[in-house]
Amino acid sequence: MRRILVVDDEDDIREVAQLSLEMVGGWEVLAAGSGAEALRRAEAERPDAILLDVMMPGMDGPSTFLALQANPATRDIPVILLTAKVQSADRRRFEDLGVAGVLSKPFDPMELAGQVSAALGWT
Amino acid sequence: MSSPRILAAGLPDALRAALSSGIAGARVHPVSASADLLAVLAAGGWDLAVMSDTVDGLDSSLLRLPTGFHGPVLLLASPASSLGISAPEMAARGIRRLPSTVDAEIVVQEARALLSIGSNESTESTESTESTESTESTESTESTESTESTESTESTAFRPAAESEEREDGARMASAVAVVWERFRDVIFARVASLEAAALALREGTLDGEGRRGAEREAHKLAGSVGTFGFAEGSAIARELEHLFAGPSPRGPADALRAGELAGALRRALENGPVAPPAPARQVPASASPERAARRPVLLVADADGETAGLVAAEAGGRGFDARTMGSLAELRAAAEREAPAAVLMDIGMDASGDALALIDWLSSRTPAVPVLVLTALGSFADRVEVARRGACAYLAKPSPPPRVVDAVQRVLHRSTEAGSCVMAVDDDPAVLAAMAALLAPTGALLHTLGDPLHFWDTLERVNPDVLVLDVDMPHLSGIELCRVVRNDPRWTSLPVLFLTARTDDATIQALFAAGADDYVRKPFVAAELVTRIRNRLERVRLHRSLADTDGLTGVANRRRCEESVGRLLHLAARQSRPLSLAVLDLDHFKQVNDRAGHAVGDEVIRRMAKQLTGALRAEDVVARWGGEEFVVAMFGSDKDAAVVRLESCLRHFREIDFAENGEEPVHVSFSGGVAQFVADGADLNALYRAADGALYLAKAQGRDRVLPVG
């Protein structure tokens with residue numbers, strides 16, 4: 001079964017994302033509440049993909065992504081950023097980092113898993 | 001049962017595969033050990049739940065099963081764990097327990113046996129899951145032919161479902177999301193409250209850059225989150241607030257007013273509840289013995305639609321109410337006279353006359369007043385105003401899922417029994433004060449009245465009220481002037497102020513809000529309206545207080561309180577030029593502790609960690625559980641080297657503790673930590689946390705079991 005790591009400092013959103021990815025996607029979901037925790041869990045548990053919130057206190061989404069890229073153990077894990085920013089310049093900036101996809105917040109819990117699998121090319 | 005839906009919580013892959021292939025057409029939905037199992041269970045629609053006792057938070061409360069889940073449960077538990085629930089109770093709840101070491105084949109056999117019981121559920125039987133067999137039996141006597149190599153339907157990737165299934169899944173998801181919403185609504189309303197406070201500060205010109213950025217951040221978070229719970233409008237409002245607070249330029253009075261309006265609109269949008277399809281209808285077994293029924297609060301549910309009433313009553317019955325349903329207003333009135341109900345839930349669309357409103361009047365004028373919740377498909381704004389004016393406590397749009405309806409009842413009841421709150425009222429008219437005293441008496445709130453504003457300040461400090469009610473027109477000093485004085489004192493900036501006013505022209509109302517009023521009521525006032533508005537204010541005060549709470553497992557500060565306390569310590573450190581160190585600590589390999597030794601041991605490790613830290617540190621230091629297995633410690637007066645020494649000593653003691661239960665293999669746990677120092681490594685909590693977390697990451701990388709300073 002595919003495993004996906006969900007990273008968000010907001011417990012409520014993380015839980016809804018987790019419900020969505022488990023119930024609709026049928027994946028196993030790992031969760032992290034901060035960028036630093038995400039780095040630790042990604043290295044220890046090697047998920048198949050990471051869904052990463054952009055705005056978090058401490059290490060934010062983009063810097064977590066860069067840290068993941070810097071570590072050979074986690075470099076190849078595809079990362080999808082989740083952002084509440086609506087401006088296309090922001091989105092472009094995130095896409096230019098080299099992530100697998102950028103998804104919008106708020107998300108519809110019924111749609112999220114489909115968007116994630118589309119971004120990752122999972123069939 | 002053609003394709004049973006099986007929830008598989010915390011099961012190893014092999015066992016899940018065995019269930020998929022061993023049960024014809026089964027759809028096995030995996031749920032990981034850390035998932036919110038309660039929400040998934042409550043979402044309903046499961047024919048069987050197979051759970052392992054390694055699942056996070058699996059305890060007696062979870063096994064007493066949330067409303068919405070009524071299928072059988074197969075529990076794989078270590079024989080040693082008690083789970084806080086007796087074997088007979090498990091049997092009565094349709095839970096079959098197997099040792100966690102049992103062969104997959106036996107689990108599949110048991111699952112099939114339970115599913116064949118479960119398939120009778122479609123008949124209207126209310127006791128279908130009652131099992132009188134021994135729960136300790138590990139061998140099913142039921143002979144079931146084995147279905148070899150049926151295709152596994154376990155979904156390993158997203159796959160669009162058939163339309164009807166999708167609709168069903170949508171309803172399930174909606175109710176699972178609703179459960180999460182209910183758990184987090186206080187946190188979300190606290191965010192809204194902080195935006196309201198920022199809007200007020202903006203109006204008064206006291207919102208500094210940091211406050212503005214904070215408000216922008218909160219609005220941004222809300223814009224990104226509430227839409228996920230189904231509040232599309234709320235999300236749009238929050239987005240507008242985000243833009244309003246964004247940007248460096250100082251804001252004018254128009255923006256300040258707009259911010260206040262938007263924050264209020266956001267609160268209302270969220271209070272109305274998300275737009276979600278009703279939860280799937282399921283028959284709920286009637287429970288409770290007669291002698292217990294005598295003590296349970298009576299809830300009268302009046303709805304012309306008997307099915308809706310029945311579902312709500314069933315949900316309420318499951319939560320300790322003695323719920324009675326009735327189909328007409330006449331019946332409701334008769335029952336209300338007879339039963340002294342704790343609350344009444346009524347559909348005001350049921351009789352197309354003004355009788356419903358008259359009945360609300362009558363119920364709210366009883367002594368004690370009967371709380372009325374109105375359920376209606378009508379839903380125009382005028383209705384809401386009319387209903388609120390007559391004293392109804394809550395207004396729910398139809399259709400609302402029964403769990404949400406009963407949540408609302410429980411909130412209203414909690415509110416109406418909220419005694420000990422304190423209201424201070426200032427009015428030069430003794431008749432008004434006497435009327436208020438009579439009105440507030442049934443609510444249990446304490447009222448201090450003051451006829452002469454000259455003694456205002458002394459009384460305010462002595463009484464320390466939760467809500468202040470002021471008359472606009474008084475001799476000597478007007479209410480507006482009093483309010484301004486109150487607002488200018490930092491101790492009273494968050495005290496809710498409600499005005500009584502005979503004048504409701506635009507200029508007066510604007511003057512009230514400019515002076516810092518939260519709300520106003522017209523004079524002569526309608527009794528029910530005044531009480532409702534005061535209650536609303538009291539409820540918000542209570543909400544604010546409950547947020548500054550402690551962590552349930554350990555009793556140390558939670559994250560929110562930690563942020564406040566550390567904020568205070570940082571100010572103190574800056575003022576007195578003293579050092580302050582902030583440490584982020586994380587238990588090593590904690591997941592393995594949970595997996596190997598069980599969650600009871602895991603919880604004990606976290607409790608002991610909190611105890612060790614509070615024991616070793618000084619009273620003025622802050623120890624907080626930041627979440628999961630992570631702790632934050634702020635040490636006032638210590639530089640980071642001294643802090644590291646103290647934490648290393650904690651660590652030495654902590655790793656000596658053996659957490660093993662009754663003679664099993666010893667369990668030792670260590671932790672890693674990073675320490676940052678104010679002001680060298682960061683000037684605020686965020687920066688310090690970030691720096692300390694970086695050092696923690698290094699400590700983990702260097703082999704764990706150590707505490708490292710930044711740099």
# chains A, B, ... in the order shown; residues from 1 in each chain; ligands from 1

$ interface_residues --of "chain A" --to "chain B" --cutoff "8 Å" --atoms "only C-alpha atoms" --output "NGL selection string"
:A and (1-2 or 12-13 or 15-16 or 18-20 or 22-30 or 36 or 40 or 57-59 or 83-84 or 105-110 or 113-114 or 117 or 122-123)

$ residues_around --residues "stretch 199-208 of chain B" --least-positions-apart "3" --cutoff "8 Å" --atoms "only C-alpha atoms" --output "ChimeraX atom specification"
/B:195-196,211-212,251,253,256-257,259-260,263,514,516

$ residues_around --residues "B:Ile95" --least-positions-apart "6" --cutoff "6 Å" --atoms "only C-alpha atoms" --output "compact mmCIF listing (two decimals) with N, CA, C and O atoms, in the first residue's frame"
# COMPACT_ATOMS: atom_id res chain seq x y z
N PRO B 72 -20.61 -4.72 14.10
CA PRO B 72 -19.81 -5.50 15.04
C PRO B 72 -18.33 -5.12 14.97
O PRO B 72 -17.88 -4.54 13.99
N VAL B 73 -17.61 -5.44 16.03
CA VAL B 73 -16.20 -5.10 16.12
C VAL B 73 -15.42 -6.37 16.44
O VAL B 73 -15.81 -7.15 17.31
N LEU B 74 -14.32 -6.55 15.74
CA LEU B 74 -13.41 -7.64 16.06
C LEU B 74 -12.15 -6.96 16.59
O LEU B 74 -11.53 -6.16 15.89

$ residues_around --residues "B:Ala511" --least-positions-apart "5" --cutoff "12 Å" --atoms "only C-alpha atoms" --output "PyMOL selection string"
chain B and resi 472+478-481+483-484+499+501+503-506+516-518+520

$ atom_distance --atom1 "atom CA of B:Leu647" --atom2 "atom CA of B:Val710"
14.2 Å

$ residues_around --residues "stretch 99-109 of chain B" --least-positions-apart "2" --cutoff "6 Å" --atoms "only C-alpha atoms" --output "list in words"
Leu15, Leu19, Leu76, Ala77, Ser78, Pro79, Ala111 and Arg112 of chain B

$ write_last_selection --atoms "N, CA, C and O atoms" --output "PDB file, in the first residue's frame"
ATOM      1  N   LEU B  15      -2.409  -9.304   7.374  1.00  0.00           N
ATOM      2  CA  LEU B  15      -3.738  -9.588   7.882  1.00  0.00           C
ATOM      3  C   LEU B  15      -4.801  -8.896   7.026  1.00  0.00           C
ATOM      4  O   LEU B  15      -5.859  -9.443   6.742  1.00  0.00           O
ATOM      5  N   LEU B  19      -7.854 -10.666   4.935  1.00  0.00           N
ATOM      6  CA  LEU B  19      -9.269 -10.292   5.011  1.00  0.00           C
ATOM      7  C   LEU B  19      -9.820 -10.026   3.619  1.00  0.00           C
ATOM      8  O   LEU B  19     -10.927 -10.441   3.272  1.00  0.00           O
ATOM      9  N   LEU B  76      -8.389  -7.144  18.150  1.00  0.00           N
ATOM     10  CA  LEU B  76      -7.199  -7.960  18.348  1.00  0.00           C
ATOM     11  C   LEU B  76      -6.376  -7.303  19.435  1.00  0.00           C
ATOM     12  O   LEU B  76      -5.809  -6.229  19.225  1.00  0.00           O
ATOM     13  N   ALA B  77      -6.353  -7.916  20.602  1.00  0.00           N
ATOM     14  CA  ALA B  77      -5.701  -7.251  21.723  1.00  0.00           C
ATOM     15  C   ALA B  77      -4.762  -8.212  22.431  1.00  0.00           C
ATOM     16  O   ALA B  77      -5.012  -9.416  22.481  1.00  0.00           O
ATOM     17  N   SER B  78      -3.707  -7.649  22.961  1.00  0.00           N
ATOM     18  CA  SER B  78      -2.805  -8.454  23.760  1.00  0.00           C
ATOM     19  C   SER B  78      -3.579  -8.937  24.988  1.00  0.00           C
ATOM     20  O   SER B  78      -4.342  -8.171  25.585  1.00  0.00           O
ATOM     21  N   PRO B  79      -3.419 -10.222  25.364  1.00  0.00           N
ATOM     22  CA  PRO B  79      -4.222 -10.764  26.459  1.00  0.00           C
ATOM     23  C   PRO B  79      -4.015  -9.973  27.754  1.00  0.00           C
ATOM     24  O   PRO B  79      -4.893  -9.948  28.609  1.00  0.00           O
ATOM     25  N   ALA B 111     -14.265 -12.885  11.403  1.00  0.00           N
ATOM     26  CA  ALA B 111     -14.826 -11.748  10.670  1.00  0.00           C
ATOM     27  C   ALA B 111     -16.037 -12.208   9.867  1.00  0.00           C
ATOM     28  O   ALA B 111     -17.059 -11.524   9.825  1.00  0.00           O
ATOM     29  N   ARG B 112     -15.908 -13.379   9.266  1.00  0.00           N
ATOM     30  CA  ARG B 112     -17.033 -13.878   8.469  1.00  0.00           C
ATOM     31  C   ARG B 112     -18.227 -14.197   9.351  1.00  0.00           C
ATOM     32  O   ARG B 112     -19.374 -13.916   8.992  1.00  0.00           O
TER      33      ARG B 112
END

$ residues_around --residues "B:Ala616" --least-positions-apart "2" --cutoff "8 Å" --atoms "only C-alpha atoms" --output "ChimeraX atom specification"
/B:612-614,618,646,650

$ residues_around --residues "A:Ala38" --least-positions-apart "6" --cutoff "9 Å" --atoms "only C-alpha atoms" --output "PyMOL selection string"
chain A and resi 5-7+31-32+50+52+64+68

$ select_by_dssp --residues "chain A" --states "strand (DSSP E)" --output "tab-separated table (two decimals) with N, CA, C and O atoms, in the first residue's frame"
chain	number	residue	atom	x	y	z
A	3	ARG	N	2.17	4.93	0.91
A	3	ARG	CA	2.18	5.70	2.16
A	3	ARG	C	2.49	7.14	1.85
A	3	ARG	O	3.41	7.45	1.08
A	4	ILE	N	1.74	8.02	2.46
A	4	ILE	CA	1.93	9.44	2.19
A	4	ILE	C	2.05	10.18	3.52
A	4	ILE	O	1.33	9.89	4.47
A	5	LEU	N	3.01	11.10	3.57
A	5	LEU	CA	3.24	11.87	4.80
A	5	LEU	C	2.55	13.22	4.66
A	5	LEU	O	2.80	13.95	3.70
A	6	VAL	N	1.67	13.54	5.60
A	6	VAL	CA	0.96	14.81	5.58
A	6	VAL	C	1.57	15.74	6.62
A	6	VAL	O	1.69	15.37	7.79
A	7	VAL	N	1.99	16.92	6.20
A	7	VAL	CA	2.66	17.85	7.10
A	7	VAL	C	1.88	19.15	7.19
A	7	VAL	O	1.72	19.85	6.19
A	28	GLU	N	-2.03	4.68	3.18
A	28	GLU	CA	-1.65	4.79	4.59
A	28	GLU	C	-1.08	6.19	4.79
A	28	GLU	O	-0.30	6.67	3.98
A	29	VAL	N	-1.51	6.83	5.85
A	29	VAL	CA	-1.11	8.22	6.05
A	29	VAL	C	-0.24	8.35	7.29
A	29	VAL	O	-0.59	7.85	8.37
A	30	LEU	N	0.90	9.01	7.13
A	30	LEU	CA	1.73	9.37	8.27
A	30	LEU	C	1.53	10.87	8.47
A	30	LEU	O	1.26	11.58	7.51
A	31	ALA	N	1.68	11.34	9.69
A	31	ALA	CA	1.42	12.76	9.91
A	31	ALA	C	2.58	13.41	10.63
A	31	ALA	O	3.25	12.79	11.45
A	32	ALA	N	2.80	14.68	10.33
A	32	ALA	CA	3.80	15.47	11.04
A	32	ALA	C	3.25	16.88	11.23
A	32	ALA	O	2.56	17.40	10.36
A	49	ALA	N	5.20	9.62	-0.87
A	49	ALA	CA	5.01	11.02	-1.25
A	49	ALA	C	4.79	11.85	0.01
A	49	ALA	O	4.50	11.30	1.07
A	50	ILE	N	4.95	13.16	-0.14
A	50	ILE	CA	4.75	14.05	1.00
A	50	ILE	C	3.83	15.19	0.58
A	50	ILE	O	4.01	15.80	-0.48
A	51	LEU	N	2.81	15.44	1.39
A	51	LEU	CA	1.91	16.57	1.18
A	51	LEU	C	2.27	17.61	2.23
A	51	LEU	O	2.13	17.36	3.43
A	52	LEU	N	2.73	18.77	1.79
A	52	LEU	CA	3.41	19.70	2.69
A	52	LEU	C	2.72	21.06	2.69
A	52	LEU	O	2.58	21.68	1.64
A	53	ASP	N	2.31	21.51	3.85
A	53	ASP	CA	1.71	22.84	3.97
A	53	ASP	C	2.78	23.91	3.79
A	53	ASP	O	3.91	23.74	4.25
A	79	VAL	N	7.13	15.66	-3.61
A	79	VAL	CA	6.49	16.54	-2.62
A	79	VAL	C	5.42	17.39	-3.30
A	79	VAL	O	5.66	17.94	-4.38
A	80	ILE	N	4.26	17.46	-2.66
A	80	ILE	CA	3.20	18.35	-3.14
A	80	ILE	C	3.00	19.43	-2.09
A	80	ILE	O	2.86	19.13	-0.90
A	81	LEU	N	3.01	20.68	-2.52
A	81	LEU	CA	2.78	21.77	-1.58
A	81	LEU	C	1.29	22.10	-1.53
A	81	LEU	O	0.59	22.01	-2.54
A	82	LEU	N	0.86	22.46	-0.33
A	82	LEU	CA	-0.53	22.81	-0.12
A	82	LEU	C	-0.53	24.26	0.35
A	82	LEU	O	0.12	24.57	1.35
A	83	THR	N	-1.18	25.15	-0.38
A	83	THR	CA	-1.08	26.56	-0.01
A	83	THR	C	-2.40	27.29	-0.06
A	83	THR	O	-3.25	26.99	-0.90
A	101	GLY	N	3.82	19.14	-7.33
A	101	GLY	CA	2.56	19.82	-7.57
A	101	GLY	C	2.29	20.86	-6.50
A	101	GLY	O	2.92	20.86	-5.45
A	102	VAL	N	1.36	21.79	-6.81
A	102	VAL	CA	0.93	22.78	-5.83
A	102	VAL	C	-0.59	22.71	-5.78
A	102	VAL	O	-1.25	22.90	-6.80
A	103	LEU	N	-1.13	22.42	-4.60
A	103	LEU	CA	-2.59	22.34	-4.47
A	103	LEU	C	-3.08	23.47	-3.58
A	103	LEU	O	-2.34	23.99	-2.75
A	104	SER	N	-4.36	23.82	-3.77
A	104	SER	CA	-4.92	24.98	-3.07
A	104	SER	C	-5.63	24.59	-1.79
A	104	SER	O	-6.24	23.53	-1.70

$ select_by_dssp --residues "stretch 396-509 of chain B" --states "alpha helix (DSSP H)" --output "ChimeraX atom specification"
/B:402-416,430-440,456-463,479-488,506-509
